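Trainee: Okay, so here is entry.tsv, and as you'll see once you scroll down, it has TSV, N, CA and C atoms.
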chain	number	residue	atom	x	y	z
A	1	GLN	N	157.07	-22.68	156.12
A	1	GLN	CA	155.69	-22.20	156.04
A	1	GLN	C	155.65	-20.87	155.30
A	2	VAL	N	154.86	-20.83	154.24
A	2	VAL	CA	154.74	-19.61	153.45
A	2	VAL	C	154.03	-18.54	154.26
A	3	GLN	N	154.60	-17.36	154.26
A	3	GLN	CA	153.96	-16.23	154.92
A	3	GLN	C	154.12	-14.99	154.06
A	4	LEU	N	153.02	-14.29	153.87
A	4	LEU	CA	152.99	-13.03	153.15
A	4	LEU	C	152.29	-12.01	154.04
A	5	VAL	N	152.89	-10.85	154.16
A	5	VAL	CA	152.31	-9.81	155.00
A	5	VAL	C	152.31	-8.49	154.25
A	6	GLU	N	151.11	-7.98	154.03
A	6	GLU	CA	150.96	-6.70	153.36
A	6	GLU	C	150.94	-5.56	154.37
A	7	SER	N	151.40	-4.41	153.95
A	7	SER	CA	151.35	-3.22	154.80
A	7	SER	C	151.31	-1.98	153.92
A	8	GLY	N	151.04	-0.84	154.54
A	8	GLY	CA	151.05	0.42	153.83
A	8	GLY	C	149.70	0.97	153.45
A	9	GLY	N	148.65	0.23	153.75
A	9	GLY	CA	147.32	0.73	153.44
A	9	GLY	C	146.94	1.90	154.33
A	10	GLY	N	145.80	2.50	154.03
A	10	GLY	CA	145.33	3.61	154.83
A	10	GLY	C	144.18	4.31	154.14
A	11	SER	N	143.86	5.48	154.66
A	11	SER	CA	142.79	6.29	154.11
A	11	SER	C	143.38	7.50	153.42
A	12	VAL	N	142.98	7.72	152.19
A	12	VAL	CA	143.46	8.86	151.42
A	12	VAL	C	142.31	9.51	150.69
A	13	GLN	N	142.52	10.74	150.28
A	13	GLN	CA	141.53	11.44	149.47
A	13	GLN	C	141.73	11.07	148.01
A	14	PRO	N	140.68	11.23	147.21
A	14	PRO	CA	140.84	11.00	145.77
A	14	PRO	C	142.01	11.82	145.21
A	15	GLY	N	142.78	11.17	144.35
A	15	GLY	CA	143.97	11.81	143.82
A	15	GLY	C	145.22	11.53	144.62
A	16	GLY	N	145.06	10.92	145.77
A	16	GLY	CA	146.20	10.64	146.63
A	16	GLY	C	146.98	9.41	146.19
A	17	SER	N	148.02	9.14	146.94
A	17	SER	CA	148.92	8.02	146.62
A	17	SER	C	149.17	7.17	147.85
A	18	LEU	N	149.47	5.92	147.59
A	18	LEU	CA	149.89	4.99	148.64
A	18	LEU	C	150.91	4.03	148.05
A	19	ARG	N	151.78	3.57	148.91
A	19	ARG	CA	152.73	2.54	148.51
A	19	ARG	C	152.55	1.34	149.44
A	20	LEU	N	152.12	0.25	148.85
A	20	LEU	CA	151.92	-0.97	149.62
A	20	LEU	C	153.17	-1.84	149.53
A	21	SER	N	153.43	-2.54	150.62
A	21	SER	CA	154.55	-3.49	150.65
A	21	SER	C	154.02	-4.88	150.96
A	22	CYS	N	154.76	-5.85	150.50
A	22	CYS	CA	154.44	-7.25	150.76
A	22	CYS	C	155.74	-7.94	151.14
A	23	THR	N	155.82	-8.34	152.39
A	23	THR	CA	157.02	-9.02	152.86
A	23	THR	C	156.77	-10.52	152.90
A	24	ALA	N	157.67	-11.28	152.30
A	24	ALA	CA	157.48	-12.71	152.14
A	24	ALA	C	158.50	-13.53	152.92
A	25	SER	N	158.09	-14.71	153.30
A	25	SER	CA	159.01	-15.65	153.95
A	25	SER	C	158.49	-17.06	153.73
A	26	GLY	N	159.37	-18.02	153.94
A	26	GLY	CA	158.97	-19.42	153.86
A	26	GLY	C	159.06	-20.04	152.48
A	27	PHE	N	159.55	-19.29	151.52
A	27	PHE	CA	159.76	-19.82	150.18
A	27	PHE	C	160.83	-18.98	149.50
A	28	THR	N	161.29	-19.45	148.35
A	28	THR	CA	162.33	-18.72	147.64
A	28	THR	C	161.69	-17.60	146.85
A	29	PHE	N	161.66	-16.45	147.46
A	29	PHE	CA	160.95	-15.30	146.91
A	29	PHE	C	161.44	-14.96	145.50
A	30	SER	N	162.73	-15.02	145.28
A	30	SER	CA	163.30	-14.59	144.00
A	30	SER	C	162.89	-15.50	142.85
A	31	ARG	N	162.32	-16.64	143.15
A	31	ARG	CA	161.88	-17.58	142.09
A	31	ARG	C	160.38	-17.54	141.86
A	32	ALA	N	159.69	-16.66	142.56
A	32	ALA	CA	158.23	-16.63	142.47
A	32	ALA	C	157.74	-15.35	141.83
A	33	PRO	N	157.02	-15.46	140.70
A	33	PRO	CA	156.29	-14.28	140.22
A	33	PRO	C	155.34	-13.84	141.34
A	34	MET	N	155.17	-12.56	141.49
A	34	MET	CA	154.30	-12.06	142.56
A	34	MET	C	153.11	-11.32	141.95
A	35	HIS	N	151.99	-11.48	142.61
A	35	HIS	CA	150.75	-10.90	142.13
A	35	HIS	C	150.15	-9.98	143.19
A	36	TRP	N	149.44	-8.98	142.71
A	36	TRP	CA	148.61	-8.15	143.58
A	36	TRP	C	147.16	-8.32	143.14
A	37	VAL	N	146.31	-8.50	144.13
A	37	VAL	CA	144.87	-8.61	143.87
A	37	VAL	C	144.16	-7.76	144.91
A	38	ARG	N	142.91	-7.49	144.67
A	38	ARG	CA	142.15	-6.71	145.66
A	38	ARG	C	140.72	-7.21	145.73
A	39	LYS	N	140.11	-6.96	146.88
A	39	LYS	CA	138.72	-7.30	147.10
A	39	LYS	C	137.99	-6.02	147.48
A	40	ALA	N	137.21	-5.50	146.54
A	40	ALA	CA	136.41	-4.32	146.80
A	40	ALA	C	135.10	-4.73	147.45
A	41	PRO	N	134.49	-3.84	148.22
A	41	PRO	CA	133.23	-4.17	148.87
A	41	PRO	C	132.18	-4.63	147.87
A	42	GLY	N	131.59	-5.78	148.10
A	42	GLY	CA	130.53	-6.27	147.24
A	42	GLY	C	130.99	-6.84	145.91
A	43	LYS	N	132.29	-6.95	145.71
A	43	LYS	CA	132.80	-7.45	144.43
A	43	LYS	C	133.69	-8.67	144.65
A	44	VAL	N	133.94	-9.38	143.59
A	44	VAL	CA	134.80	-10.56	143.68
A	44	VAL	C	136.26	-10.11	143.68
A	45	LEU	N	137.10	-11.05	144.05
A	45	LEU	CA	138.54	-10.78	144.05
A	45	LEU	C	138.98	-10.40	142.64
A	46	GLU	N	139.74	-9.34	142.53
A	46	GLU	CA	140.14	-8.80	141.24
A	46	GLU	C	141.66	-8.82	141.11
A	47	TRP	N	142.15	-9.37	140.02
A	47	TRP	CA	143.58	-9.35	139.74
A	47	TRP	C	144.00	-7.93	139.33
A	48	LEU	N	145.13	-7.48	139.85
A	48	LEU	CA	145.66	-6.17	139.51
A	48	LEU	C	146.95	-6.25	138.71
A	49	SER	N	147.88	-7.10	139.17
A	49	SER	CA	149.18	-7.11	138.51
A	49	SER	C	149.93	-8.40	138.77
A	50	THR	N	150.85	-8.66	137.88
A	50	THR	CA	151.81	-9.76	138.04
A	50	THR	C	153.18	-9.23	137.68
A	51	LEU	N	154.14	-9.57	138.52
A	51	LEU	CA	155.51	-9.12	138.32
A	51	LEU	C	156.41	-10.34	138.22
A	52	SER	N	157.24	-10.35	137.19
A	52	SER	CA	158.14	-11.48	136.97
A	52	SER	C	159.19	-11.58	138.08
A	53	THR	N	159.86	-12.70	138.11
A	53	THR	CA	160.83	-12.94	139.17
A	53	THR	C	161.96	-11.91	139.18
A	54	ASP	N	162.34	-11.43	138.00
A	54	ASP	CA	163.43	-10.45	137.95
A	54	ASP	C	162.93	-9.01	137.99
A	55	GLY	N	161.63	-8.85	138.08
A	55	GLY	CA	161.07	-7.50	138.17
A	55	GLY	C	161.01	-6.75	136.86
A	56	LYS	N	161.34	-7.41	135.76
A	56	LYS	CA	161.43	-6.69	134.49
A	56	LYS	C	160.15	-6.79	133.66
A	57	THR	N	159.33	-7.77	133.93
A	57	THR	CA	158.10	-7.94	133.15
A	57	THR	C	156.91	-7.69	134.07
A	58	ILE	N	156.11	-6.71	133.68
A	58	ILE	CA	154.97	-6.29	134.50
A	58	ILE	C	153.70	-6.43	133.68
A	59	SER	N	152.72	-7.03	134.29
A	59	SER	CA	151.39	-7.05	133.70
A	59	SER	C	150.46	-6.30	134.65
A	60	LEU	N	149.65	-5.43	134.09
A	60	LEU	CA	148.72	-4.63	134.88
A	60	LEU	C	147.33	-4.69	134.26
A	61	THR	N	146.32	-4.72	135.11
A	61	THR	CA	144.97	-4.62	134.59
A	61	THR	C	144.79	-3.23	133.97
A	62	ASP	N	143.90	-3.12	133.00
A	62	ASP	CA	143.81	-1.90	132.21
A	62	ASP	C	143.59	-0.64	133.06
A	63	HIS	N	142.71	-0.74	134.06
A	63	HIS	CA	142.39	0.48	134.80
A	63	HIS	C	143.51	0.92	135.72
A	64	ALA	N	144.53	0.08	135.88
A	64	ALA	CA	145.67	0.45	136.72
A	64	ALA	C	146.81	1.06	135.90
A	65	LYS	N	146.77	0.86	134.62
A	65	LYS	CA	147.87	1.37	133.78
A	65	LYS	C	147.92	2.89	133.86
A	66	GLY	N	149.13	3.39	134.05
A	66	GLY	CA	149.30	4.82	134.18
A	66	GLY	C	149.12	5.33	135.60
A	67	ARG	N	148.58	4.48	136.48
A	67	ARG	CA	148.37	4.90	137.87
A	67	ARG	C	149.14	4.02	138.86
A	68	PHE	N	149.19	2.75	138.59
A	68	PHE	CA	149.85	1.81	139.50
A	68	PHE	C	151.14	1.31	138.87
A	69	THR	N	152.10	1.03	139.71
A	69	THR	CA	153.30	0.35	139.25
A	69	THR	C	153.75	-0.64	140.33
A	70	VAL	N	154.41	-1.67	139.89
A	70	VAL	CA	154.86	-2.69	140.83
A	70	VAL	C	156.35	-2.89	140.70
A	71	SER	N	156.94	-3.32	141.78
A	71	SER	CA	158.38	-3.58	141.79
A	71	SER	C	158.68	-4.59	142.88
A	72	ARG	N	159.91	-5.00	142.96
A	72	ARG	CA	160.30	-5.95	144.00
A	72	ARG	C	161.76	-5.78	144.34
A	73	ASP	N	162.08	-6.17	145.56
A	73	ASP	CA	163.45	-6.19	146.02
A	73	ASP	C	163.72	-7.61	146.49
A	74	ASN	N	164.33	-8.39	145.64
A	74	ASN	CA	164.54	-9.80	145.97
A	74	ASN	C	165.50	-9.98	147.15
A	75	ALA	N	166.39	-9.04	147.34
A	75	ALA	CA	167.31	-9.14	148.48
A	75	ALA	C	166.59	-8.98	149.81
A	76	LYS	N	165.45	-8.30	149.77
A	76	LYS	CA	164.68	-8.07	150.99
A	76	LYS	C	163.38	-8.85	151.02
A	77	ASN	N	163.20	-9.74	150.03
A	77	ASN	CA	161.97	-10.55	149.98
A	77	ASN	C	160.71	-9.69	150.07
A	78	THR	N	160.71	-8.60	149.35
A	78	THR	CA	159.61	-7.65	149.44
A	78	THR	C	159.15	-7.22	148.06
A	79	ALA	N	157.86	-7.15	147.90
A	79	ALA	CA	157.24	-6.62	146.69
A	79	ALA	C	156.49	-5.34	147.04
A	80	PHE	N	156.34	-4.49	146.03
A	80	PHE	CA	155.71	-3.19	146.25
A	80	PHE	C	154.62	-2.93	145.21
A	81	LEU	N	153.61	-2.21	145.64
A	81	LEU	CA	152.58	-1.71	144.74
A	81	LEU	C	152.47	-0.21	145.01
A	82	GLN	N	152.92	0.57	144.05
A	82	GLN	CA	152.83	2.03	144.15
A	82	GLN	C	151.56	2.47	143.42
A	83	MET	N	150.71	3.17	144.14
A	83	MET	CA	149.43	3.60	143.56
A	83	MET	C	149.34	5.11	143.62
A	84	THR	N	149.01	5.70	142.48
A	84	THR	CA	148.84	7.15	142.40
A	84	THR	C	147.47	7.46	141.84
A	85	ASN	N	147.07	8.72	141.95
A	85	ASN	CA	145.78	9.17	141.43
A	85	ASN	C	144.65	8.21	141.86
A	86	LEU	N	144.62	7.92	143.13
A	86	LEU	CA	143.64	6.97	143.63
A	86	LEU	C	142.22	7.49	143.52
A	87	LYS	N	141.31	6.58	143.27
A	87	LYS	CA	139.91	6.91	143.07
A	87	LYS	C	139.07	6.16	144.11
A	88	PRO	N	137.86	6.63	144.37
A	88	PRO	CA	137.01	5.92	145.33
A	88	PRO	C	136.81	4.44	144.97
A	89	ASP	N	136.78	4.13	143.68
A	89	ASP	CA	136.62	2.74	143.25
A	89	ASP	C	137.83	1.87	143.59
A	90	ASP	N	138.92	2.49	143.99
A	90	ASP	CA	140.09	1.71	144.40
A	90	ASP	C	139.99	1.23	145.85
A	91	THR	N	138.96	1.63	146.53
A	91	THR	CA	138.75	1.18	147.91
A	91	THR	C	138.61	-0.33	147.97
A	92	GLY	N	139.31	-0.93	148.92
A	92	GLY	CA	139.22	-2.38	149.09
A	92	GLY	C	140.37	-2.91	149.91
A	93	ILE	N	140.39	-4.21	150.04
A	93	ILE	CA	141.49	-4.87	150.73
A	93	ILE	C	142.46	-5.38	149.66
A	94	TYR	N	143.70	-5.04	149.83
A	94	TYR	CA	144.74	-5.37	148.84
A	94	TYR	C	145.61	-6.50	149.38
A	95	TYR	N	145.82	-7.48	148.52
A	95	TYR	CA	146.60	-8.65	148.88
A	95	TYR	C	147.74	-8.87	147.89
A	96	CYS	N	148.83	-9.41	148.38
A	96	CYS	CA	149.83	-9.97	147.48
A	96	CYS	C	149.66	-11.49	147.52
A	97	ALA	N	149.96	-12.12	146.41
A	97	ALA	CA	149.77	-13.56	146.30
A	97	ALA	C	150.95	-14.18	145.56
A	98	LYS	N	151.26	-15.43	145.88
A	98	LYS	CA	152.41	-16.08	145.23
A	98	LYS	C	152.01	-17.14	144.22
A	99	ASN	N	150.73	-17.36	144.01
A	99	ASN	CA	150.35	-18.33	143.00
A	99	ASN	C	149.25	-17.76	142.12
A	100	TYR	N	149.07	-18.38	140.97
A	100	TYR	CA	148.13	-17.83	140.00
A	100	TYR	C	146.67	-18.07	140.38
A	101	GLU	N	146.45	-18.92	141.37
A	101	GLU	CA	145.09	-19.07	141.88
A	101	GLU	C	144.77	-17.98	142.91
A	102	PHE	N	145.82	-17.29	143.35
A	102	PHE	CA	145.71	-16.18	144.31
A	102	PHE	C	145.20	-16.63	145.68
A	103	ASP	N	145.29	-17.91	145.95
A	103	ASP	CA	144.80	-18.36	147.25
A	103	ASP	C	145.91	-18.53	148.27
A	104	ILE	N	147.14	-18.34	147.85
A	104	ILE	CA	148.25	-18.24	148.80
A	104	ILE	C	148.59	-16.76	148.87
A	105	ARG	N	147.99	-16.11	149.85
A	105	ARG	CA	148.12	-14.66	149.95
A	105	ARG	C	148.13	-14.26	151.41
A	106	GLY	N	148.47	-13.00	151.65
A	106	GLY	CA	148.51	-12.53	153.01
A	106	GLY	C	147.15	-12.12	153.53
A	107	PRO	N	147.13	-11.56	154.73
A	107	PRO	CA	145.86	-11.13	155.33
A	107	PRO	C	145.29	-9.87	154.69
A	108	GLY	N	146.11	-9.16	153.92
A	108	GLY	CA	145.64	-7.98	153.23
A	108	GLY	C	145.85	-6.70	154.02
A	109	THR	N	145.76	-5.60	153.28
A	109	THR	CA	145.83	-4.28	153.90
A	109	THR	C	144.71	-3.43	153.31
A	110	GLN	N	144.03	-2.70	154.16
A	110	GLN	CA	142.85	-1.93	153.75
A	110	GLN	C	143.26	-0.61	153.12
A	111	VAL	N	142.68	-0.32	151.98
A	111	VAL	CA	142.84	0.97	151.32
A	111	VAL	C	141.47	1.61	151.19
A	112	THR	N	141.34	2.82	151.68
A	112	THR	CA	140.08	3.55	151.60
A	112	THR	C	140.34	4.89	150.93
A	113	VAL	N	139.62	5.12	149.85
A	113	VAL	CA	139.76	6.37	149.11
A	113	VAL	C	138.43	7.11	149.21
A	114	SER	N	138.46	8.21	149.91
A	114	SER	CA	137.22	8.93	150.17
A	114	SER	C	137.53	10.39	150.47
A	115	SER	N	136.61	11.25	150.07
A	115	SER	CA	136.76	12.67	150.39
A	115	SER	C	136.02	13.01	151.68
Write the structure described by the file as structure tokens, please.
Mentor:
Amino acid sequence: QVQLVESGGGSVQPGGSLRLSCTASGFTFSRAPMHWVRKAPGKVLEWLSTLSTDGKTISLTDHAKGRFTVSRDNAKNTAFLQMTNLKPDDTGIYYCAKNYEFDIRGPGTQVTVSS
């Protein structure tokens, strides 16, 4: 049974940083590109990034470039989303997903950016 669990969310002030983790089980993590998506209040699900199986190829949405980075530890079945210079518009629920439809994802972790 596929299971994804996100953690590391919280409340930060604008300009702050957070590191989200995604722990996976129930599938061969090292063979799965991993994605991060988010759901902001009142908006549709938004793709943020895709990381290749070996962690060497990263795709990021334009507004995340220079602020977000992704990585993975295949030995620990864990993916990471490091976010810096957070803005109020980054507020939302952040999910990791294992498929390109983004419907195989965890319960999410809440990120709130507010002064």
Trainee: Quick one: distance from atom N of Leu60 of chain A to atom C of Tyr100 of chain A in Å, one decimal?
Mentor: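 Rounded to one decimal, the two atoms are 14.4 Å apart.
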Trainee: Smallest atom-to-atom distance to Pro33 of chain A: which of A:Gly66, A:Gly55, A:Gly108, A:Gly8, using only C-alpha atoms?
Mentor: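 Among A:Gly66, A:Gly55, A:Gly108, A:Gly8, it is A:Gly55 that comes nearest to Pro33 of chain A.
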Trainee: What residues in chain A get the DSSP label strand (DSSP E)? Please answer as an mmCIF file with N, CA and C atoms, in the frame of the given file.
Mentor:
data_model
loop_
_atom_site.group_PDB
_atom_site.id
_atom_site.type_symbol
_atom_site.label_atom_id
_atom_site.label_comp_id
_atom_site.auth_asym_id
_atom_site.auth_seq_id
_atom_site.Cartn_x
_atom_site.Cartn_y
_atom_site.Cartn_z
ATOM 1 N N GLN A 3 154.600 -17.360 154.260
ATOM 2 C CA GLN A 3 153.960 -16.230 154.920
ATOM 3 C C GLN A 3 154.120 -14.990 154.060
ATOM 4 N N LEU A 4 153.020 -14.290 153.870
ATOM 5 C CA LEU A 4 152.990 -13.030 153.150
ATOM 6 C C LEU A 4 152.290 -12.010 154.040
ATOM 7 N N VAL A 5 152.890 -10.850 154.160
ATOM 8 C CA VAL A 5 152.310 -9.810 155.000
ATOM 9 C C VAL A 5 152.310 -8.490 154.250
ATOM 10 N N GLU A 6 151.110 -7.980 154.030
ATOM 11 C CA GLU A 6 150.960 -6.700 153.360
ATOM 12 C C GLU A 6 150.940 -5.560 154.370
ATOM 13 N N SER A 7 151.400 -4.410 153.950
ATOM 14 C CA SER A 7 151.350 -3.220 154.800
ATOM 15 C C SER A 7 151.310 -1.980 153.920
ATOM 16 N N GLY A 10 145.800 2.500 154.030
ATOM 17 C CA GLY A 10 145.330 3.610 154.830
ATOM 18 C C GLY A 10 144.180 4.310 154.140
ATOM 19 N N SER A 11 143.860 5.480 154.660
ATOM 20 C CA SER A 11 142.790 6.290 154.110
ATOM 21 C C SER A 11 143.380 7.500 153.420
ATOM 22 N N VAL A 12 142.980 7.720 152.190
ATOM 23 C CA VAL A 12 143.460 8.860 151.420
ATOM 24 C C VAL A 12 142.310 9.510 150.690
ATOM 25 N N LEU A 18 149.470 5.920 147.590
ATOM 26 C CA LEU A 18 149.890 4.990 148.640
ATOM 27 C C LEU A 18 150.910 4.030 148.050
ATOM 28 N N ARG A 19 151.780 3.570 148.910
ATOM 29 C CA ARG A 19 152.730 2.540 148.510
ATOM 30 C C ARG A 19 152.550 1.340 149.440
ATOM 31 N N LEU A 20 152.120 0.250 148.850
ATOM 32 C CA LEU A 20 151.920 -0.970 149.620
ATOM 33 C C LEU A 20 153.170 -1.840 149.530
ATOM 34 N N SER A 21 153.430 -2.540 150.620
ATOM 35 C CA SER A 21 154.550 -3.490 150.650
ATOM 36 C C SER A 21 154.020 -4.880 150.960
ATOM 37 N N CYS A 22 154.760 -5.850 150.500
ATOM 38 C CA CYS A 22 154.440 -7.250 150.760
ATOM 39 C C CYS A 22 155.740 -7.940 151.140
ATOM 40 N N THR A 23 155.820 -8.340 152.390
ATOM 41 C CA THR A 23 157.020 -9.020 152.860
ATOM 42 C C THR A 23 156.770 -10.520 152.900
ATOM 43 N N ALA A 24 157.670 -11.280 152.300
ATOM 44 C CA ALA A 24 157.480 -12.710 152.140
ATOM 45 C C ALA A 24 158.500 -13.530 152.920
ATOM 46 N N SER A 25 158.090 -14.710 153.300
ATOM 47 C CA SER A 25 159.010 -15.650 153.950
ATOM 48 C C SER A 25 158.490 -17.060 153.730
ATOM 49 N N MET A 34 155.170 -12.560 141.490
ATOM 50 C CA MET A 34 154.300 -12.060 142.560
ATOM 51 C C MET A 34 153.110 -11.320 141.950
ATOM 52 N N HIS A 35 151.990 -11.480 142.610
ATOM 53 C CA HIS A 35 150.750 -10.900 142.130
ATOM 54 C C HIS A 35 150.150 -9.980 143.190
ATOM 55 N N TRP A 36 149.440 -8.980 142.710
ATOM 56 C CA TRP A 36 148.610 -8.150 143.580
ATOM 57 C C TRP A 36 147.160 -8.320 143.140
ATOM 58 N N VAL A 37 146.310 -8.500 144.130
ATOM 59 C CA VAL A 37 144.870 -8.610 143.870
ATOM 60 C C VAL A 37 144.160 -7.760 144.910
ATOM 61 N N ARG A 38 142.910 -7.490 144.670
ATOM 62 C CA ARG A 38 142.150 -6.710 145.660
ATOM 63 C C ARG A 38 140.720 -7.210 145.730
ATOM 64 N N LYS A 39 140.110 -6.960 146.880
ATOM 65 C CA LYS A 39 138.720 -7.300 147.100
ATOM 66 C C LYS A 39 137.990 -6.020 147.480
ATOM 67 N N LEU A 45 137.100 -11.050 144.050
ATOM 68 C CA LEU A 45 138.540 -10.780 144.050
ATOM 69 C C LEU A 45 138.980 -10.400 142.640
ATOM 70 N N GLU A 46 139.740 -9.340 142.530
ATOM 71 C CA GLU A 46 140.140 -8.800 141.240
ATOM 72 C C GLU A 46 141.660 -8.820 141.110
ATOM 73 N N TRP A 47 142.150 -9.370 140.020
ATOM 74 C CA TRP A 47 143.580 -9.350 139.740
ATOM 75 C C TRP A 47 144.000 -7.930 139.330
ATOM 76 N N LEU A 48 145.130 -7.480 139.850
ATOM 77 C CA LEU A 48 145.660 -6.170 139.510
ATOM 78 C C LEU A 48 146.950 -6.250 138.710
ATOM 79 N N SER A 49 147.880 -7.100 139.170
ATOM 80 C CA SER A 49 149.180 -7.110 138.510
ATOM 81 C C SER A 49 149.930 -8.400 138.770
ATOM 82 N N THR A 50 150.850 -8.660 137.880
ATOM 83 C CA THR A 50 151.810 -9.760 138.040
ATOM 84 C C THR A 50 153.180 -9.230 137.680
ATOM 85 N N LEU A 51 154.140 -9.570 138.520
ATOM 86 C CA LEU A 51 155.510 -9.120 138.320
ATOM 87 C C LEU A 51 156.410 -10.340 138.220
ATOM 88 N N ILE A 58 156.110 -6.710 133.680
ATOM 89 C CA ILE A 58 154.970 -6.290 134.500
ATOM 90 C C ILE A 58 153.700 -6.430 133.680
ATOM 91 N N SER A 59 152.720 -7.030 134.290
ATOM 92 C CA SER A 59 151.390 -7.050 133.700
ATOM 93 C C SER A 59 150.460 -6.300 134.650
ATOM 94 N N LEU A 60 149.650 -5.430 134.090
ATOM 95 C CA LEU A 60 148.720 -4.630 134.880
ATOM 96 C C LEU A 60 147.330 -4.690 134.260
ATOM 97 N N PHE A 68 149.190 2.750 138.590
ATOM 98 C CA PHE A 68 149.850 1.810 139.500
ATOM 99 C C PHE A 68 151.140 1.310 138.870
ATOM 100 N N THR A 69 152.100 1.030 139.710
ATOM 101 C CA THR A 69 153.300 0.350 139.250
ATOM 102 C C THR A 69 153.750 -0.640 140.330
ATOM 103 N N VAL A 70 154.410 -1.670 139.890
ATOM 104 C CA VAL A 70 154.860 -2.690 140.830
ATOM 105 C C VAL A 70 156.350 -2.890 140.700
ATOM 106 N N SER A 71 156.940 -3.320 141.780
ATOM 107 C CA SER A 71 158.380 -3.580 141.790
ATOM 108 C C SER A 71 158.680 -4.590 142.880
ATOM 109 N N ARG A 72 159.910 -5.000 142.960
ATOM 110 C CA ARG A 72 160.300 -5.950 144.000
ATOM 111 C C ARG A 72 161.760 -5.780 144.340
ATOM 112 N N ASP A 73 162.080 -6.170 145.560
ATOM 113 C CA ASP A 73 163.450 -6.190 146.020
ATOM 114 C C ASP A 73 163.720 -7.610 146.490
ATOM 115 N N THR A 78 160.710 -8.600 149.350
ATOM 116 C CA THR A 78 159.610 -7.650 149.440
ATOM 117 C C THR A 78 159.150 -7.220 148.060
ATOM 118 N N ALA A 79 157.860 -7.150 147.900
ATOM 119 C CA ALA A 79 157.240 -6.620 146.690
ATOM 120 C C ALA A 79 156.490 -5.340 147.040
ATOM 121 N N PHE A 80 156.340 -4.490 146.030
ATOM 122 C CA PHE A 80 155.710 -3.190 146.250
ATOM 123 C C PHE A 80 154.620 -2.930 145.210
ATOM 124 N N LEU A 81 153.610 -2.210 145.640
ATOM 125 C CA LEU A 81 152.580 -1.710 144.740
ATOM 126 C C LEU A 81 152.470 -0.210 145.010
ATOM 127 N N GLN A 82 152.920 0.570 144.050
ATOM 128 C CA GLN A 82 152.830 2.030 144.150
ATOM 129 C C GLN A 82 151.560 2.470 143.420
ATOM 130 N N MET A 83 150.710 3.170 144.140
ATOM 131 C CA MET A 83 149.430 3.600 143.560
ATOM 132 C C MET A 83 149.340 5.110 143.620
ATOM 133 N N GLY A 92 139.310 -0.930 148.920
ATOM 134 C CA GLY A 92 139.220 -2.380 149.090
ATOM 135 C C GLY A 92 140.370 -2.910 149.910
ATOM 136 N N ILE A 93 140.390 -4.210 150.040
ATOM 137 C CA ILE A 93 141.490 -4.870 150.730
ATOM 138 C C ILE A 93 142.460 -5.380 149.660
ATOM 139 N N TYR A 94 143.700 -5.040 149.830
ATOM 140 C CA TYR A 94 144.740 -5.370 148.840
ATOM 141 C C TYR A 94 145.610 -6.500 149.380
ATOM 142 N N TYR A 95 145.820 -7.480 148.520
ATOM 143 C CA TYR A 95 146.600 -8.650 148.880
ATOM 144 C C TYR A 95 147.740 -8.870 147.890
ATOM 145 N N CYS A 96 148.830 -9.410 148.380
ATOM 146 C CA CYS A 96 149.830 -9.970 147.480
ATOM 147 C C CYS A 96 149.660 -11.490 147.520
ATOM 148 N N ALA A 97 149.960 -12.120 146.410
ATOM 149 C CA ALA A 97 149.770 -13.560 146.300
ATOM 150 C C ALA A 97 150.950 -14.180 145.560
ATOM 151 N N THR A 109 145.760 -5.600 153.280
ATOM 152 C CA THR A 109 145.830 -4.280 153.900
ATOM 153 C C THR A 109 144.710 -3.430 153.310
ATOM 154 N N GLN A 110 144.030 -2.700 154.160
ATOM 155 C CA GLN A 110 142.850 -1.930 153.750
ATOM 156 C C GLN A 110 143.260 -0.610 153.120
ATOM 157 N N VAL A 111 142.680 -0.320 151.980
ATOM 158 C CA VAL A 111 142.840 0.970 151.320
ATOM 159 C C VAL A 111 141.470 1.610 151.190
ATOM 160 N N THR A 112 141.340 2.820 151.680
ATOM 161 C CA THR A 112 140.080 3.550 151.600
ATOM 162 C C THR A 112 140.340 4.890 150.930
ATOM 163 N N VAL A 113 139.620 5.120 149.850
ATOM 164 C CA VAL A 113 139.760 6.370 149.110
ATOM 165 C C VAL A 113 138.430 7.110 149.210
#
Trainee: Quick one: pull the distance between atom C of Thr112 of chain A and atom CA of Asp90 of chain A, Å, one decimal.
Mentor: 7.3 Å
Trainee: If we count only N, CA and C atoms, what is near Met83 of chain A at a cut-off of 6.5 Å, once residues fewer than 5 positions away on the same chain are taken out, given as a ChimeraX atom specification?
Mentor: /A:16-20,67-69
Trainee: Limited to N, CA and C atoms, could you put the picked residues into a file as a compact mmCIF listing (two decimals), in the frame of the given file?
Mentor:
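Heads up, here's the output in out12.txt:
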# COMPACT_ATOMS: atom_id res chain seq x y z
N GLY A 16 145.06 10.92 145.77
CA GLY A 16 146.20 10.64 146.63
C GLY A 16 146.98 9.41 146.19
N SER A 17 148.02 9.14 146.94
CA SER A 17 148.92 8.02 146.62
C SER A 17 149.17 7.17 147.85
N LEU A 18 149.47 5.92 147.59
CA LEU A 18 149.89 4.99 148.64
C LEU A 18 150.91 4.03 148.05
N ARG A 19 151.78 3.57 148.91
CA ARG A 19 152.73 2.54 148.51
C ARG A 19 152.55 1.34 149.44
N LEU A 20 152.12 0.25 148.85
CA LEU A 20 151.92 -0.97 149.62
C LEU A 20 153.17 -1.84 149.53
N ARG A 67 148.58 4.48 136.48
CA ARG A 67 148.37 4.90 137.87
C ARG A 67 149.14 4.02 138.86
N PHE A 68 149.19 2.75 138.59
CA PHE A 68 149.85 1.81 139.50
C PHE A 68 151.14 1.31 138.87
N THR A 69 152.10 1.03 139.71
CA THR A 69 153.30 0.35 139.25
C THR A 69 153.75 -0.64 140.33
Trainee: Distance atom C of Val12 of chain A-atom C of Ser114 of chain A, one decimal place?
Mentor: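 Atom-to-atom, atom C of Val12 of chain A to atom C of Ser114 of chain A, that is 4.9 Å.
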Trainee: In terms of the shortest atom-to-atom distance over all atoms listed in the file, which of A:Val70, A:Cys22, A:Ala32, A:Val113 is closest to Lys87 of chain A?
Mentor: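 Result for the nearest residue to Lys87 of chain A: A:Val113.
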Trainee: Which of these, A:Ser30, A:Ser7, A:Ser49, A:Thr61, has the shortest distance to Thr109 of chain A once you count only N, CA and C atoms?
Mentor: A:Ser7
